[in-house]
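Each remark here refers to the structure printed beneath this line.
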Amino acid sequence: MNCNRSVEARIHDLEAVHEIVNLEAELAFAADNGQPDRYAELFTEDAVLDLRPNGELLEGREAIRRFRHESPKRVAFSVHYLSNPHIVVNGDTATGRLYWLAAITKADTNQGVWSSGYYLDQFAKTADGWKIKKRTMTWYYRTPYDKGWARERIGAPQAPDRQ
């Protein structure tokens with residue numbers, strides 16, 4: 001945060017970061033607790049939700065709402081753990097990155113799955129508060145619970161070698 005900015009501007013940014021972190025937590029709660037309408041309300045009307053390559057590209061709040069209404073056919077249970085928020089505010093817009101780890105039960109097989117990666121988000125401040133304008137998901141791994149990410153990664157690239 002630039003300390004040469006006014007106190008009011010810095011307070012605005014701090015309040016925005018706090019509201020956006022709460023928005024992210026509310027979104028995860030709505031996903032994990034079968035609240036598709038609440039989930040969709042947290043996006044702008046023209047939002048984009050990019051779940052590729054392990055899902056689809058959804059455009060608009062109604063497409064996101066329909067997707068969440070259909071989720072119980074794919075996911076019988078989920079709990080998302082969120083961490084490492086990095087939010088940059090620029091007036092009434094913001095960008096963010098947030099890690100996720102999710103414990104999931106697949107509806108068709110009753111198989112436990114771990115999923116992990118990060119969200120890259122764009123936010124907009126609306127008359128109803130901060131909303132997600134665009135979310136792009138990047139997977140580190142999806143793996144059966146009993147095998148773990150070291151033995152079997154599904155639909156995610158191997159981590160790059162680190163020197």
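Ordered as shown in the structure tokens, chains take letters A, B, and onward, while each chain numbers its residues from 1 and ligands are numbered from 1 in the order shown.
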
What lies within 6 Å of region 104-110 of chain A using only C-alpha atoms, ignoring chain neighbours under 2 positions off, as an MDAnalysis selection string? chainID A and resid 73:78 112:113

Taking N, CA and C atoms for each residue, export the selection above as a JSON list (two decimals), in the first residue's frame.
```json
[["chain", "number", "residue", "atom", "x", "y", "z"],
["A", 73, "LYS", "N", -25.79, -32.96, -8.91],
["A", 73, "LYS", "CA", -25.69, -34.13, -9.77],
["A", 73, "LYS", "C", -24.23, -34.57, -9.93],
["A", 74, "ARG", "N", -23.30, -33.65, -9.71],
["A", 74, "ARG", "CA", -21.86, -33.94, -9.85],
["A", 74, "ARG", "C", -21.17, -34.09, -8.50],
["A", 75, "VAL", "N", -21.56, -33.24, -7.55],
["A", 75, "VAL", "CA", -20.87, -33.18, -6.26],
["A", 75, "VAL", "C", -21.89, -33.35, -5.14],
["A", 76, "ALA", "N", -21.75, -34.44, -4.41],
["A", 76, "ALA", "CA", -22.68, -34.72, -3.30],
["A", 76, "ALA", "C", -22.30, -33.96, -2.04],
["A", 77, "PHE", "N", -21.03, -33.64, -1.91],
["A", 77, "PHE", "CA", -20.53, -32.96, -0.72],
["A", 77, "PHE", "C", -19.28, -32.18, -1.10],
["A", 78, "SER", "N", -19.11, -31.01, -0.50],
["A", 78, "SER", "CA", -17.85, -30.27, -0.67],
["A", 78, "SER", "C", -17.63, -29.36, 0.52],
["A", 112, "GLY", "N", -14.36, -39.98, -2.60],
["A", 112, "GLY", "CA", -13.76, -38.78, -2.06],
["A", 112, "GLY", "C", -12.64, -38.30, -2.96],
["A", 113, "VAL", "N", -12.57, -36.99, -3.16],
["A", 113, "VAL", "CA", -11.58, -36.39, -4.04],
["A", 113, "VAL", "C", -11.02, -35.14, -3.37]]
```

Spatial neighbours of Leu27 (chain A), 7 Å, only C-alpha atoms, chain gap at least 3 places, as a PDB file with C-alpha atoms, in the first residue's frame:
```pdb
ATOM      1  CA  LEU A  23     -17.291 -12.040  -0.340  1.00  0.00           C
ATOM      2  CA  GLU A  24     -14.906 -14.921  -1.086  1.00  0.00           C
ATOM      3  CA  ALA A  30     -22.900 -20.870  -0.525  1.00  0.00           C
ATOM      4  CA  ALA A  31     -21.197 -23.489  -2.733  1.00  0.00           C
ATOM      5  CA  TYR A  39     -23.863 -18.116  -4.919  1.00  0.00           C
ATOM      6  CA  LEU A  42     -22.278 -12.741  -5.521  1.00  0.00           C
TER       7      LEU A  42
END
```

Calculated over only C-alpha atoms, which of the candidates A:Pro36, A:Gly60, A:Gly117, A:Gly129 has the smallest distance to Asp92 (chain A)? A:Gly129

Quick check for you: according to DSSP on this backbone, which residues of region 11-104 of chain A are classed as alpha helix (DSSP H)? Reply as JSON, numbers by chain. {"A": [11, 12, 13, 14, 15, 16, 17, 18, 19, 20, 21, 22, 23, 24, 25, 26, 27, 28, 29, 30, 31, 32, 36, 37, 38, 39, 40, 41, 61, 62, 63, 64, 65, 66, 67, 68, 69, 70]}

Pull C-alpha atoms from the residues just selected and write them as an mmCIF file, in the first residue's frame.
```cif
data_model
loop_
_atom_site.group_PDB
_atom_site.id
_atom_site.type_symbol
_atom_site.label_atom_id
_atom_site.label_comp_id
_atom_site.auth_asym_id
_atom_site.auth_seq_id
_atom_site.Cartn_x
_atom_site.Cartn_y
_atom_site.Cartn_z
ATOM 1 C CA ILE A 11 -9.028 3.387 4.490
ATOM 2 C CA HIS A 12 -11.154 2.863 1.355
ATOM 3 C CA ASP A 13 -8.735 0.187 0.138
ATOM 4 C CA LEU A 14 -8.561 -1.557 3.512
ATOM 5 C CA GLU A 15 -12.352 -1.629 3.768
ATOM 6 C CA ALA A 16 -12.574 -2.943 0.202
ATOM 7 C CA VAL A 17 -10.085 -5.741 0.919
ATOM 8 C CA HIS A 18 -12.056 -6.714 4.026
ATOM 9 C CA GLU A 19 -15.345 -6.776 2.081
ATOM 10 C CA ILE A 20 -13.799 -8.781 -0.762
ATOM 11 C CA VAL A 21 -12.325 -11.381 1.605
ATOM 12 C CA ASN A 22 -15.799 -11.724 3.168
ATOM 13 C CA LEU A 23 -17.291 -12.040 -0.340
ATOM 14 C CA GLU A 24 -14.906 -14.921 -1.086
ATOM 15 C CA ALA A 25 -15.840 -16.657 2.181
ATOM 16 C CA GLU A 26 -19.562 -16.186 1.490
ATOM 17 C CA LEU A 27 -19.141 -17.662 -1.992
ATOM 18 C CA ALA A 28 -17.426 -20.784 -0.624
ATOM 19 C CA PHE A 29 -20.105 -21.139 2.061
ATOM 20 C CA ALA A 30 -22.900 -20.870 -0.525
ATOM 21 C CA ALA A 31 -21.197 -23.489 -2.733
ATOM 22 C CA ASP A 32 -20.677 -25.919 0.152
ATOM 23 C CA PRO A 36 -27.103 -21.737 -5.694
ATOM 24 C CA ASP A 37 -29.135 -18.526 -5.737
ATOM 25 C CA ARG A 38 -26.968 -16.919 -3.074
ATOM 26 C CA TYR A 39 -23.863 -18.116 -4.919
ATOM 27 C CA ALA A 40 -25.017 -16.479 -8.161
ATOM 28 C CA GLU A 41 -25.937 -13.212 -6.401
ATOM 29 C CA ARG A 61 -25.112 -14.652 -13.677
ATOM 30 C CA GLU A 62 -27.964 -16.846 -14.923
ATOM 31 C CA ALA A 63 -25.567 -19.381 -16.449
ATOM 32 C CA ILE A 64 -23.680 -19.461 -13.143
ATOM 33 C CA ARG A 65 -26.950 -19.945 -11.244
ATOM 34 C CA ARG A 66 -27.981 -22.848 -13.520
ATOM 35 C CA PHE A 67 -24.547 -24.431 -13.089
ATOM 36 C CA ARG A 68 -24.829 -24.284 -9.290
ATOM 37 C CA HIS A 69 -28.399 -25.680 -9.391
ATOM 38 C CA GLU A 70 -27.014 -28.662 -11.349
#
```

For Val79 (chain A), which of A:Asp146, A:Thr95, A:Trp114, A:Arg10 is the closest residue, counting only C-alpha atoms?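 Among A:Asp146, A:Thr95, A:Trp114, A:Arg10, it is A:Trp114 that comes nearest to Val79 (chain A).
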
Residue neighbourhood region 134-139 of chain A, 9 Å, only C-alpha atoms, exclusion window fewer than 5 positions, as an mmCIF file with N, CA and C atoms, in the first residue's frame:
```
data_model
loop_
_atom_site.group_PDB
_atom_site.id
_atom_site.type_symbol
_atom_site.label_atom_id
_atom_site.label_comp_id
_atom_site.auth_asym_id
_atom_site.auth_seq_id
_atom_site.Cartn_x
_atom_site.Cartn_y
_atom_site.Cartn_z
ATOM 1 N N PHE A 43 -22.006 -12.641 -7.937
ATOM 2 C CA PHE A 43 -21.383 -12.283 -9.207
ATOM 3 C C PHE A 43 -22.135 -11.119 -9.843
ATOM 4 N N THR A 44 -21.453 -10.351 -10.697
ATOM 5 C CA THR A 44 -22.128 -9.314 -11.476
ATOM 6 C C THR A 44 -23.028 -9.981 -12.513
ATOM 7 N N ASP A 46 -23.041 -9.660 -15.651
ATOM 8 C CA ASP A 46 -22.284 -10.060 -16.844
ATOM 9 C C ASP A 46 -21.031 -10.876 -16.505
ATOM 10 N N ALA A 47 -21.016 -11.485 -15.345
ATOM 11 C CA ALA A 47 -19.828 -12.199 -14.862
ATOM 12 C C ALA A 47 -19.430 -13.355 -15.769
ATOM 13 N N VAL A 48 -18.164 -13.711 -15.678
ATOM 14 C CA VAL A 48 -17.607 -14.868 -16.375
ATOM 15 C C VAL A 48 -16.981 -15.771 -15.314
ATOM 16 N N LEU A 49 -17.311 -17.056 -15.389
ATOM 17 C CA LEU A 49 -16.734 -18.067 -14.499
ATOM 18 C C LEU A 49 -16.064 -19.101 -15.392
ATOM 19 N N ASP A 50 -14.740 -19.113 -15.372
ATOM 20 C CA ASP A 50 -13.963 -19.989 -16.251
ATOM 21 C C ASP A 50 -13.435 -21.163 -15.447
ATOM 22 N N LEU A 51 -14.031 -22.327 -15.649
ATOM 23 C CA LEU A 51 -13.680 -23.548 -14.925
ATOM 24 C C LEU A 51 -12.802 -24.484 -15.752
ATOM 25 N N ARG A 52 -12.406 -24.058 -16.942
ATOM 26 C CA ARG A 52 -11.619 -24.902 -17.831
ATOM 27 C C ARG A 52 -10.238 -25.171 -17.249
ATOM 28 N N PRO A 53 -9.599 -26.289 -17.512
ATOM 29 C CA PRO A 53 -9.992 -27.342 -18.432
ATOM 30 C C PRO A 53 -10.861 -28.420 -17.776
ATOM 31 N N ASN A 54 -11.124 -28.341 -16.479
ATOM 32 C CA ASN A 54 -11.897 -29.379 -15.797
ATOM 33 C C ASN A 54 -13.381 -29.050 -15.723
ATOM 34 N N SER A 115 -9.144 -31.552 -4.283
ATOM 35 C CA SER A 115 -8.951 -30.624 -5.381
ATOM 36 C C SER A 115 -8.243 -29.395 -4.827
ATOM 37 N N SER A 116 -7.280 -28.879 -5.588
ATOM 38 C CA SER A 116 -6.538 -27.714 -5.109
ATOM 39 C C SER A 116 -6.085 -26.864 -6.280
ATOM 40 N N GLY A 117 -5.966 -25.587 -6.015
ATOM 41 C CA GLY A 117 -5.487 -24.644 -7.013
ATOM 42 C C GLY A 117 -5.671 -23.230 -6.516
ATOM 43 N N TYR A 118 -5.848 -22.318 -7.463
ATOM 44 C CA TYR A 118 -6.079 -20.927 -7.068
ATOM 45 C C TYR A 118 -7.077 -20.266 -8.007
ATOM 46 N N TYR A 119 -7.728 -19.238 -7.474
ATOM 47 C CA TYR A 119 -8.648 -18.398 -8.233
ATOM 48 C C TYR A 119 -7.928 -17.107 -8.598
ATOM 49 N N LEU A 120 -8.103 -16.665 -9.829
ATOM 50 C CA LEU A 120 -7.737 -15.308 -10.233
ATOM 51 C C LEU A 120 -9.059 -14.588 -10.470
ATOM 52 N N ASP A 121 -9.300 -13.544 -9.686
ATOM 53 C CA ASP A 121 -10.598 -12.867 -9.707
ATOM 54 C C ASP A 121 -10.467 -11.396 -10.076
ATOM 55 N N GLN A 122 -11.509 -10.918 -10.738
ATOM 56 C CA GLN A 122 -11.695 -9.489 -10.966
ATOM 57 C C GLN A 122 -12.986 -9.110 -10.261
ATOM 58 N N PHE A 123 -12.945 -8.002 -9.531
ATOM 59 C CA PHE A 123 -14.082 -7.560 -8.736
ATOM 60 C C PHE A 123 -14.552 -6.193 -9.196
ATOM 61 N N GLY A 155 -6.204 -34.196 -14.388
ATOM 62 C CA GLY A 155 -6.629 -32.954 -15.005
ATOM 63 C C GLY A 155 -5.878 -31.721 -14.593
ATOM 64 N N ALA A 156 -4.658 -31.862 -14.127
ATOM 65 C CA ALA A 156 -3.850 -30.704 -13.776
ATOM 66 C C ALA A 156 -2.408 -30.983 -14.159
ATOM 67 N N PRO A 157 -1.732 -29.967 -14.603
ATOM 68 C CA PRO A 157 -0.336 -30.184 -14.990
ATOM 69 C C PRO A 157 0.520 -30.482 -13.784
#
```

Of the listed residues A:Ala102, A:Lys133, A:Leu58, A:Ala127, that which approaches Tyr145 (chain A) most closely, counting only C-alpha atoms: A:Ala102

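Considering only region 35-66 of chain A, backbone DSSP assigns strand (DSSP E or B) to Phe43, Thr44, Glu45, Asp46, Ala47, Val48, Leu49, Asp50, Leu57, Leu58 and Glu59 of chain A.
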
Mind dumping the selected residues with C-alpha atoms as a PDB file, in the first residue's frame?
```pdb
ATOM      1  CA  PHE A  43     -21.383 -12.283  -9.207  1.00  0.00           C
ATOM      2  CA  THR A  44     -22.128  -9.314 -11.476  1.00  0.00           C
ATOM      3  CA  GLU A  45     -24.889  -9.769 -14.063  1.00  0.00           C
ATOM      4  CA  ASP A  46     -22.284 -10.060 -16.844  1.00  0.00           C
ATOM      5  CA  ALA A  47     -19.828 -12.199 -14.862  1.00  0.00           C
ATOM      6  CA  VAL A  48     -17.607 -14.868 -16.375  1.00  0.00           C
ATOM      7  CA  LEU A  49     -16.734 -18.067 -14.499  1.00  0.00           C
ATOM      8  CA  ASP A  50     -13.963 -19.989 -16.251  1.00  0.00           C
ATOM      9  CA  LEU A  57     -16.828 -21.424 -19.447  1.00  0.00           C
ATOM     10  CA  LEU A  58     -19.936 -19.803 -17.960  1.00  0.00           C
ATOM     11  CA  GLU A  59     -21.021 -16.348 -19.082  1.00  0.00           C
TER      12      GLU A  59
END
```
